[in-house]
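Asker: Here you go, coords_6.cif (mmCIF, C-alpha atoms):
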data_model
#
loop_
_atom_site.group_PDB
_atom_site.id
_atom_site.type_symbol
_atom_site.label_atom_id
_atom_site.label_comp_id
_atom_site.auth_asym_id
_atom_site.auth_seq_id
_atom_site.Cartn_x
_atom_site.Cartn_y
_atom_site.Cartn_z
ATOM 1 C CA MET F 27 87.975 134.746 -170.719
ATOM 2 C CA ARG F 28 86.020 135.717 -167.598
ATOM 3 C CA ILE F 29 86.225 132.874 -165.083
ATOM 4 C CA ALA F 30 84.210 132.926 -161.873
ATOM 5 C CA VAL F 31 86.185 131.388 -159.016
ATOM 6 C CA PHE F 32 83.674 130.129 -156.454
ATOM 7 C CA TYR F 33 84.825 129.637 -152.873
ATOM 8 C CA ASN F 34 83.224 129.206 -149.479
ATOM 9 C CA ALA F 35 82.823 132.585 -147.809
ATOM 10 C CA VAL F 36 85.219 133.088 -144.926
ATOM 11 C CA HIS F 37 84.371 135.042 -141.798
ATOM 12 C CA GLU F 38 86.193 136.134 -138.668
ATOM 13 C CA HIS F 39 84.897 133.060 -136.783
ATOM 14 C CA SER F 40 85.863 130.607 -139.564
ATOM 15 C CA SER F 41 88.354 127.883 -138.686
ATOM 16 C CA LEU F 42 91.912 127.932 -140.033
ATOM 17 C CA ASP F 43 90.990 125.011 -142.266
ATOM 18 C CA GLU F 44 88.114 127.039 -143.756
ATOM 19 C CA LYS F 45 90.351 130.104 -144.177
ATOM 20 C CA ASP F 46 92.794 127.997 -146.219
ATOM 21 C CA VAL F 47 90.485 128.473 -149.200
ATOM 22 C CA LEU F 48 91.716 132.079 -149.410
ATOM 23 C CA ASP F 49 95.227 130.809 -150.203
ATOM 24 C CA GLN F 50 93.745 128.519 -152.844
ATOM 25 C CA LEU F 51 91.746 131.414 -154.282
ATOM 26 C CA GLU F 52 94.855 133.575 -154.520
ATOM 27 C CA THR F 53 96.875 130.806 -156.181
ATOM 28 C CA ILE F 54 94.180 129.873 -158.707
ATOM 29 C CA SER F 55 93.288 133.483 -159.521
ATOM 30 C CA GLY F 56 96.952 134.354 -159.985
ATOM 31 C CA ALA F 57 97.520 131.421 -162.327
ATOM 32 C CA LEU F 58 94.408 132.241 -164.354
ATOM 33 C CA GLY F 59 95.474 135.875 -164.590
ATOM 34 C CA ARG F 60 98.947 134.919 -165.806
ATOM 35 C CA LEU F 61 97.291 132.812 -168.497
ATOM 36 C CA GLY F 62 95.454 135.904 -169.718
ATOM 37 C CA HIS F 63 92.072 135.209 -168.133
ATOM 38 C CA ASP F 64 89.913 137.486 -165.988
ATOM 39 C CA PRO F 65 89.297 135.627 -162.701
ATOM 40 C CA VAL F 66 86.376 136.947 -160.659
ATOM 41 C CA PRO F 67 86.226 135.726 -157.031
ATOM 42 C CA VAL F 68 82.720 134.759 -155.898
ATOM 43 C CA PRO F 69 82.249 134.014 -152.179
ATOM 44 C CA CYS F 70 79.443 131.511 -151.586
ATOM 45 C CA GLU F 71 77.043 131.285 -148.681
ATOM 46 C CA LEU F 72 73.633 129.695 -148.180
ATOM 47 C CA ASP F 73 71.826 132.534 -149.963
ATOM 48 C CA LEU F 74 71.580 130.704 -153.284
ATOM 49 C CA ALA F 75 69.402 133.405 -154.855
ATOM 50 C CA ALA F 76 72.194 135.910 -154.220
ATOM 51 C CA LEU F 77 74.701 133.491 -155.751
ATOM 52 C CA ALA F 78 72.539 133.097 -158.854
ATOM 53 C CA ALA F 79 72.135 136.882 -159.129
ATOM 54 C CA THR F 80 75.906 137.329 -158.895
ATOM 55 C CA VAL F 81 76.522 134.795 -161.655
ATOM 56 C CA VAL F 82 73.963 136.508 -163.891
ATOM 57 C CA ARG F 83 75.516 139.912 -163.141
ATOM 58 C CA ILE F 84 79.158 138.967 -163.837
ATOM 59 C CA GLN F 85 78.353 136.676 -166.790
ATOM 60 C CA PRO F 86 81.353 134.336 -166.563
ATOM 61 C CA GLU F 87 82.134 132.034 -169.443
ATOM 62 C CA VAL F 88 83.207 129.232 -167.088
ATOM 63 C CA GLY F 89 83.449 128.579 -163.372
ATOM 64 C CA PHE F 90 86.172 127.169 -161.118
ATOM 65 C CA ASN F 91 84.713 125.630 -157.959
ATOM 66 C CA LEU F 92 86.756 125.775 -154.741
ATOM 67 C CA VAL F 93 83.748 125.474 -152.412
ATOM 68 C CA GLU F 94 84.480 122.957 -149.652
ATOM 69 C CA SER F 95 81.543 123.815 -147.369
ATOM 70 C CA LEU F 96 78.695 126.264 -146.904
ATOM 71 C CA ASN F 97 78.306 127.773 -143.446
ATOM 72 C CA ALA F 98 80.878 125.210 -142.227
ATOM 73 C CA LYS F 99 78.671 122.300 -143.336
ATOM 74 C CA VAL F 100 80.520 120.041 -145.786
ATOM 75 C CA HIS F 101 77.384 118.087 -146.670
ATOM 76 C CA LEU F 102 76.064 121.190 -148.480
ATOM 77 C CA ILE F 103 78.856 121.478 -151.068
ATOM 78 C CA HIS F 104 76.607 120.058 -153.777
ATOM 79 C CA LEU F 105 74.412 123.174 -153.687
ATOM 80 C CA VAL F 106 76.824 125.466 -155.536
ATOM 81 C CA PRO F 107 77.324 123.096 -158.506
ATOM 82 C CA ALA F 108 73.536 122.583 -158.610
ATOM 83 C CA VAL F 109 72.935 126.332 -158.890
ATOM 84 C CA LEU F 110 75.626 126.655 -161.554
ATOM 85 C CA GLU F 111 74.179 123.771 -163.540
ATOM 86 C CA THR F 112 70.716 125.328 -163.325
ATOM 87 C CA LEU F 113 72.175 128.552 -164.773
ATOM 88 C CA GLY F 114 73.919 126.664 -167.574
ATOM 89 C CA LEU F 115 77.429 127.342 -166.315
#
Transcribe the structure of this file into structure tokens.

Answerer:
Amino acid sequence: MRIAVFYNAVHEHSSLDEKDVLDQLETISGALGRLGHDPVPVPCELDLAALAATVVRIQPEVGFNLVESLNAKVHLIHLVPAVLETLGL
């Protein structure tokens, strides 16, 4: 099963706390792979149209949401689930 693993994009200037999501991504993707799934990492930023286009392109069957913030703003974490819900994922 193709599983999109959504996570907040990490940049050079990101805090250590924000970069921690990369460890989570590695752990989750590894576990999904060992279970026979095809995890596809999807970094998320404020460009929600790009996120939607990525989801349409990779056509995951389900999503795993690790997004803790967008552009270091925790109050925006609801945007990714809203886009996914709009797309029927």

Asker: So that each row is one residue of range 77-105 of chain F with an atom at most 10 Å from range 63-69 of chain F, can you give its shortest atom pair and the distance in Å to one decimal, using all atoms listed in the file, rows by chain and rising number, as a Markdown table?

Answerer:
| residue | atom | partner | partner_atom | distance |
| --- | --- | --- | --- | --- |
| F:Leu77 | CA | F:Val68 | CA | 8.1 |
| F:Thr80 | CA | F:Val68 | CA | 7.9 |
| F:Val81 | CA | F:Val68 | CA | 8.5 |
| F:Ile84 | CA | F:Val66 | CA | 8.1 |
| F:Pro86 | CA | F:Val66 | CA | 8.2 |
| F:Val88 | CA | F:Pro65 | CA | 9.9 |
| F:Gly89 | CA | F:Pro65 | CA | 9.2 |
| F:Phe90 | CA | F:Pro65 | CA | 9.2 |
| F:Asn91 | CA | F:Val68 | CA | 9.6 |
| F:Leu92 | CA | F:Pro69 | CA | 9.7 |
| F:Val93 | CA | F:Pro69 | CA | 8.7 |

Asker: I need the residues from that last selection saved to file as a compact mmCIF listing (two decimals), in the frame of the given file (with C-alpha atoms), if you can.

Answerer:
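out_17.txt, freshly written:
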# COMPACT_ATOMS: atom_id res chain seq x y z
CA LEU F 77 74.70 133.49 -155.75
CA THR F 80 75.91 137.33 -158.90
CA VAL F 81 76.52 134.79 -161.66
CA ILE F 84 79.16 138.97 -163.84
CA PRO F 86 81.35 134.34 -166.56
CA VAL F 88 83.21 129.23 -167.09
CA GLY F 89 83.45 128.58 -163.37
CA PHE F 90 86.17 127.17 -161.12
CA ASN F 91 84.71 125.63 -157.96
CA LEU F 92 86.76 125.78 -154.74
CA VAL F 93 83.75 125.47 -152.41

Asker: Where does the PyMOL selection byres ((chain F and resi 110) around 12) land in this file, that is, which residues does it pick, as a PyMOL selection string?

Answerer: chain F and resi 30-32+70+74-75+77-82+85-91+104-109+111-115

Asker: What does the distance from CA of Gln50 in chain F to CA of Tyr33 in chain F come to in Å, to one decimal?

Answerer: 9.0 Å

Asker: Given the file shown, determine the residues that the PyMOL selection byres ((chain F and resi 44) around 12) selects; report them as a PyMOL selection string.

Answerer: chain F and resi 33-43+45-51+92-100

Asker: Report as JSON the centre and the edge lengths, in Å to one decimal, of the axis-aligned box holding every listed atom of range 27-36 of chain F, padded by 5 Å on each side.

Answerer:
{"center_x": 85.4, "center_y": 132.5, "center_z": -157.8, "size_x": 15.2, "size_y": 16.5, "size_z": 35.8}

Asker: So the first atom is CA of Thr53 in chain F and the second is CA of Leu102 in chain F; what is the distance between them in Å, to one decimal place?

Answerer: 24.2 Å

Asker: May I ask for the distance between CA of Ile54 in chain F and CA of Glu71 in chain F, given in Å to one decimal place?

Answerer: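 It comes out at 19.9 Å.
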
Asker: Quick one: residues within 12 Å of Gly62 in chain F, all atoms listed in the file counted, chain neighbours fewer than 6 positions away excluded, as a short mmCIF file (atom, residue, chain, number, x, y, z; two decimals) with C-alpha atoms, keeping the file's coordinate frame?

Answerer:
data_model
loop_
_atom_site.label_atom_id
_atom_site.label_comp_id
_atom_site.auth_asym_id
_atom_site.auth_seq_id
_atom_site.Cartn_x
_atom_site.Cartn_y
_atom_site.Cartn_z
CA MET F 27 87.98 134.75 -170.72
CA ARG F 28 86.02 135.72 -167.60
CA ILE F 29 86.22 132.87 -165.08
CA SER F 55 93.29 133.48 -159.52
CA GLY F 56 96.95 134.35 -159.99
#
